[in-house]
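Visitor: Have a look at the structure that comes next, please.
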Amino acid sequence: MTAFRISPAVADAFPDTLIALVTVTGLRGHEPWPATVTAVEDLERQLAAGTWQPADETDPRIEAWHTAYRSFGTNPRRIRPSVDALGRRMAKKGSLPRINPAVDSYNAVSVRHGLPAGAFDLDHVTGDVDIRHAEGAEEFTPLGEPDTVEAPKPGEIIYADTTGVLTRHWNHRDAHRTRVTEDSTRVAFVLETLHATRDGHLLKTAADELQDLLAPHSDRTTVHYLSPADPHIST
């Protein structure tokens with residue numbers, strides 16, 4: 001089992017945080033995922049028709065992450081929260097990237113609801129996962145750059161296991177080691193808000209939508225919620 005924990009310091013700094021953890025076993029990434037294809041194409045059609053557009057930095061959901069990034073020394077207009085970067089890319093190109101069915105699923109849910117999302121292949125996670133401030137000596141290998149090693153800035157919020165950093169700048173970029181591929185079978189998907197009081201219902205709707213996309217292609221799915229009031233989950 002893998003535990004996910006919010007550190008006391010992060011809980012104190014962001015007391016209204018709520019994180020949905022959708023864990024999946026027996027994931028089948030090589031088969032067709034028609035509901036995910038439809039979800040992505042529907043968003044693209046709505047964008048083209050002008051009936052919907054991704055949340056931008058003027059939206060309170062994105063603005064909250066910009067404020068958080070600044071609080072730990074990251075410039076959010078240079079290093080953007082994942083949902084902000086994804087929405088900007090979609091608005092510019094008119095389409096979402098196609099990676100693989102599992103990643104396409106959380107990207108669609110993320111951009112639809114204006115909430116950061118990510119995922120970790122649990123077979124490549126070592127030990128437990130902590131959401132904490134970086135000390136600065138940790139190592140991070142960015143997604144798609146297996147020969148690159150970075151060190152987070154001290155105080156930057158990271159997801160980290162016992163081997164190294166799984167995400168930098170809270171949710172800006174995932175690590176190469178724990179990336180989700182078509183071969184991943186045991187995965188933890190993450191959706192986040194910093195304002196549960198305002199957006200908790202939205203987060204739960206998004207988690208349910210993601211679970212609905214994943215369930216037909218897995219043996220088991222479970223949704224857990226992590227918060228300062230409940231800062232420890234074992235998957």
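Chain labels A, B, ... are given in the sequence in which chains occur in the structure tokens; within each chain residues are numbered consecutively from 1, and ligands are likewise numbered from 1 in the order shown.
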May I have all residues of stretch 166-197 of chain A that DSSP, computed from the backbone, assigns to strand (DSSP E), given as a PyMOL selection string?
Guide: chain A and resi 166-168+173-174+186-193
Visitor: Could you pull the residues within 10 Å of stretch 141-149 of chain A, counting only C-alpha atoms, minus those fewer than 5 positions along the same chain, as a list in words?
Guide: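 Once the adjacent positions are removed, what remains is Gly164, Val165, Leu166, Thr167, Arg168, Arg173, Asp174, Ala175, His176, Arg177, Thr178 and Arg179 of chain A.
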Visitor: Apply DSSP to the structure's backbone, then extract all residues of stretch 45-85 of chain A labelled helix (DSSP H, G or I) and return them as an MDAnalysis selection string.
Guide: chainID A and resid 45:49 60:71 82:85
Visitor: Do you know which residues are at most 8 Å from A:Ser82 counting only C-alpha atoms, after dropping those on the same chain fewer than 3 positions away, and could you put them as a list in words?
Guide: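 Surrounding residues, per the criterion: Ala85, Leu86, Pro116, Ala117, Asn171, His172 and Arg173 of chain A.
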Visitor: Let me make sure I understand: among A:His124, A:His169, A:Arg186, A:His66, which one has the smallest atom-to-atom distance to A:Thr221 if we use only C-alpha atoms?
Guide: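 Ranked by minimum distance to A:Thr221, first place goes to A:Arg186.
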Visitor: Counting only C-alpha atoms, which of A:Leu203, A:His133, A:Asp59, A:Glu138 gets nearest to A:Glu156?
Guide: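 Among the listed residues, A:His133 lies closest to A:Glu156.
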Visitor: Any chance you could tabulate, as CSV, the residues of stretch 89-152 of chain A at most 7 Å from stretch 42-57 of chain A with each one's nearest atom pair and distance in Å to one decimal, using only C-alpha atoms, in chain and rising number order?
Guide:
```
residue,atom,partner,partner_atom,distance
A:Ala91,CA,A:Pro54,CA,6.8
A:Gly94,CA,A:Glu44,CA,6.3
A:Ser95,CA,A:Glu44,CA,5.6
A:Val111,CA,A:Pro54,CA,6.1
A:Arg112,CA,A:Pro54,CA,6.8
A:Gly114,CA,A:Ala55,CA,5.7
```
Visitor: Atoms to include: all heavy atoms. Write the selected residues as a JSON list (two decimals), in the first residue's frame.
Guide:
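Result file follows (result.json):
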```
[["chain", "number", "residue", "atom", "x", "y", "z"],
["A", 91, "ALA", "N", -6.73, 26.70, -25.69],
["A", 91, "ALA", "CA", -7.32, 27.90, -26.26],
["A", 91, "ALA", "C", -6.57, 28.35, -27.52],
["A", 91, "ALA", "O", -7.17, 28.83, -28.48],
["A", 91, "ALA", "CB", -7.33, 29.02, -25.23],
["A", 94, "GLY", "N", -6.82, 24.95, -30.10],
["A", 94, "GLY", "CA", -8.17, 24.45, -30.38],
["A", 94, "GLY", "C", -8.34, 22.98, -30.08],
["A", 94, "GLY", "O", -9.40, 22.42, -30.37],
["A", 95, "SER", "N", -7.33, 22.36, -29.48],
["A", 95, "SER", "CA", -7.42, 20.93, -29.20],
["A", 95, "SER", "C", -6.59, 20.58, -27.97],
["A", 95, "SER", "O", -5.69, 21.33, -27.58],
["A", 95, "SER", "CB", -6.93, 20.11, -30.40],
["A", 95, "SER", "OG", -5.57, 20.39, -30.66],
["A", 111, "VAL", "N", -9.32, 20.29, -17.50],
["A", 111, "VAL", "CA", -9.59, 21.53, -18.22],
["A", 111, "VAL", "C", -11.08, 21.86, -18.20],
["A", 111, "VAL", "O", -11.46, 23.04, -18.17],
["A", 111, "VAL", "CB", -9.02, 21.46, -19.66],
["A", 111, "VAL", "CG1", -9.88, 20.63, -20.58],
["A", 111, "VAL", "CG2", -8.79, 22.85, -20.23],
["A", 112, "ARG", "N", -11.94, 20.86, -18.17],
["A", 112, "ARG", "CA", -13.39, 21.12, -18.08],
["A", 112, "ARG", "C", -13.75, 21.84, -16.79],
["A", 112, "ARG", "O", -14.56, 22.77, -16.79],
["A", 112, "ARG", "CB", -14.18, 19.81, -18.18],
["A", 112, "ARG", "CG", -15.69, 20.03, -18.03],
["A", 112, "ARG", "CD", -16.44, 18.72, -17.89],
["A", 112, "ARG", "NE", -16.39, 17.91, -19.09],
["A", 112, "ARG", "CZ", -17.19, 18.09, -20.15],
["A", 112, "ARG", "NH1", -18.07, 19.07, -20.15],
["A", 112, "ARG", "NH2", -17.09, 17.30, -21.19],
["A", 114, "GLY", "N", -11.45, 23.29, -14.56],
["A", 114, "GLY", "CA", -10.51, 24.30, -14.10],
["A", 114, "GLY", "C", -9.75, 23.89, -12.85],
["A", 114, "GLY", "O", -9.41, 24.75, -12.01]]
```
Visitor: Nearest to A:Gly127: which of A:Asp161, A:Asp183, A:Asp199, A:Asp84 is it, counting only C-alpha atoms?
Guide: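 Among A:Asp161, A:Asp183, A:Asp199, A:Asp84, it is A:Asp161 that comes nearest to A:Gly127.
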Visitor: Near A:Leu194, counting only C-alpha atoms, which residues have an atom at most 10 Å away, once you skip same-chain residues fewer than 3 positions from it, shown as a VMD selection string?
Guide: chain A and resid 14 to 19 61 to 62 64 to 65 68 115 197 to 200 227
Visitor: Go ahead and write the residues just picked, N, CA, C and O atoms, as a PDB file, in the first residue's frame.
Guide:
```pdb
ATOM      1  N   PHE A  14      -2.155  26.283   3.724  1.00  0.00           N
ATOM      2  CA  PHE A  14      -3.287  26.197   2.794  1.00  0.00           C
ATOM      3  C   PHE A  14      -4.411  25.390   3.449  1.00  0.00           C
ATOM      4  O   PHE A  14      -4.685  24.244   3.077  1.00  0.00           O
ATOM      5  N   PRO A  15      -5.084  25.982   4.433  1.00  0.00           N
ATOM      6  CA  PRO A  15      -6.010  25.218   5.275  1.00  0.00           C
ATOM      7  C   PRO A  15      -7.297  24.792   4.587  1.00  0.00           C
ATOM      8  O   PRO A  15      -8.029  23.948   5.126  1.00  0.00           O
ATOM      9  N   ASP A  16      -7.593  25.346   3.407  1.00  0.00           N
ATOM     10  CA  ASP A  16      -8.829  24.975   2.709  1.00  0.00           C
ATOM     11  C   ASP A  16      -8.554  24.033   1.528  1.00  0.00           C
ATOM     12  O   ASP A  16      -9.394  23.853   0.653  1.00  0.00           O
ATOM     13  N   THR A  17      -7.378  23.412   1.541  1.00  0.00           N
ATOM     14  CA  THR A  17      -7.009  22.481   0.478  1.00  0.00           C
ATOM     15  C   THR A  17      -7.875  21.220   0.529  1.00  0.00           C
ATOM     16  O   THR A  17      -8.169  20.694   1.607  1.00  0.00           O
ATOM     17  N   LEU A  18      -8.261  20.738  -0.648  1.00  0.00           N
ATOM     18  CA  LEU A  18      -8.930  19.440  -0.771  1.00  0.00           C
ATOM     19  C   LEU A  18      -8.379  18.746  -2.010  1.00  0.00           C
ATOM     20  O   LEU A  18      -8.334  19.340  -3.093  1.00  0.00           O
ATOM     21  N   ILE A  19      -7.936  17.519  -1.824  1.00  0.00           N
ATOM     22  CA  ILE A  19      -7.339  16.742  -2.909  1.00  0.00           C
ATOM     23  C   ILE A  19      -8.115  15.446  -3.070  1.00  0.00           C
ATOM     24  O   ILE A  19      -8.292  14.697  -2.093  1.00  0.00           O
ATOM     25  N   ARG A  61     -10.458  30.124  -9.772  1.00  0.00           N
ATOM     26  CA  ARG A  61      -9.836  28.808  -9.593  1.00  0.00           C
ATOM     27  C   ARG A  61      -8.351  28.834  -9.986  1.00  0.00           C
ATOM     28  O   ARG A  61      -7.517  28.214  -9.319  1.00  0.00           O
ATOM     29  N   ILE A  62      -8.032  29.554 -11.058  1.00  0.00           N
ATOM     30  CA  ILE A  62      -6.642  29.648 -11.508  1.00  0.00           C
ATOM     31  C   ILE A  62      -5.896  30.702 -10.691  1.00  0.00           C
ATOM     32  O   ILE A  62      -4.736  30.511 -10.313  1.00  0.00           O
ATOM     33  N   ALA A  64      -6.204  31.465  -7.673  1.00  0.00           N
ATOM     34  CA  ALA A  64      -5.795  30.919  -6.374  1.00  0.00           C
ATOM     35  C   ALA A  64      -4.459  30.189  -6.466  1.00  0.00           C
ATOM     36  O   ALA A  64      -3.610  30.299  -5.564  1.00  0.00           O
ATOM     37  N   TRP A  65      -4.246  29.476  -7.554  1.00  0.00           N
ATOM     38  CA  TRP A  65      -2.976  28.775  -7.731  1.00  0.00           C
ATOM     39  C   TRP A  65      -1.840  29.748  -8.013  1.00  0.00           C
ATOM     40  O   TRP A  65      -0.715  29.554  -7.541  1.00  0.00           O
ATOM     41  N   ALA A  68      -0.837  31.028  -4.709  1.00  0.00           N
ATOM     42  CA  ALA A  68      -0.094  30.005  -3.976  1.00  0.00           C
ATOM     43  C   ALA A  68       1.332  29.895  -4.493  1.00  0.00           C
ATOM     44  O   ALA A  68       2.286  29.826  -3.701  1.00  0.00           O
ATOM     45  N   LEU A 115      -9.454  22.588 -12.729  1.00  0.00           N
ATOM     46  CA  LEU A 115      -8.769  22.061 -11.552  1.00  0.00           C
ATOM     47  C   LEU A 115      -7.500  21.328 -11.978  1.00  0.00           C
ATOM     48  O   LEU A 115      -7.531  20.541 -12.925  1.00  0.00           O
ATOM     49  N   THR A 197     -14.063  25.205   0.448  1.00  0.00           N
ATOM     50  CA  THR A 197     -15.312  25.844   0.852  1.00  0.00           C
ATOM     51  C   THR A 197     -16.100  26.319  -0.366  1.00  0.00           C
ATOM     52  O   THR A 197     -17.320  26.181  -0.429  1.00  0.00           O
ATOM     53  N   ARG A 198     -15.376  26.852  -1.331  1.00  0.00           N
ATOM     54  CA  ARG A 198     -16.022  27.366  -2.548  1.00  0.00           C
ATOM     55  C   ARG A 198     -16.179  26.290  -3.626  1.00  0.00           C
ATOM     56  O   ARG A 198     -17.209  26.201  -4.287  1.00  0.00           O
ATOM     57  N   ASP A 199     -15.135  25.468  -3.813  1.00  0.00           N
ATOM     58  CA  ASP A 199     -15.082  24.583  -4.981  1.00  0.00           C
ATOM     59  C   ASP A 199     -15.060  23.099  -4.648  1.00  0.00           C
ATOM     60  O   ASP A 199     -14.818  22.276  -5.538  1.00  0.00           O
ATOM     61  N   GLY A 200     -15.339  22.752  -3.404  1.00  0.00           N
ATOM     62  CA  GLY A 200     -15.328  21.334  -3.042  1.00  0.00           C
ATOM     63  C   GLY A 200     -16.325  20.514  -3.830  1.00  0.00           C
ATOM     64  O   GLY A 200     -16.040  19.382  -4.241  1.00  0.00           O
ATOM     65  N   SER A 227      -7.162  16.156   3.041  1.00  0.00           N
ATOM     66  CA  SER A 227      -7.349  17.551   3.453  1.00  0.00           C
ATOM     67  C   SER A 227      -6.587  17.784   4.747  1.00  0.00           C
ATOM     68  O   SER A 227      -6.144  16.825   5.395  1.00  0.00           O
TER      69      SER A 227
END
```
Visitor: Name the closest residue to A:Leu27 among the candidates A:Ala160, A:Val83, A:Ile131, A:Leu122; distances are taken between atoms, counting only C-alpha atoms.
Guide: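 Of all the options, A:Leu122 lies closest to A:Leu27.
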Visitor: As a list in words, please: the residues near A:Gly29 (cut-off 9 Å, only C-alpha atoms, same-chain neighbours under 2 positions excluded).
Guide: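 Final neighbour list, sorted by chain and number: Leu27, Glu31, Pro32, Trp33, Asn100, Pro101, Ala102, Thr181, Glu182, Asp183, Ser184, Thr185, His217 and Ser218 of chain A.
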Visitor: Write out as a PyMOL selection string each polymer residue whose atoms come within 9 Å of A:Thr235, counting only C-alpha atoms; drop sequence neighbours fewer than 6 positions from it.
Guide: chain A and resi 1-4+21+23+188+222+224
Visitor: What's the separation between atom CA of A:Pro228 and atom CA of A:Asp12, in Å to one decimal place?
Guide: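 Straight-line distance from atom CA of A:Pro228 to atom CA of A:Asp12 works out to 7.7 Å.
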Visitor: Find the distance between atom CA of A:Arg220 and atom CA of A:Val190 and write it in Å to one decimal.
Guide: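 Between these atoms lies a distance of 16.2 Å.
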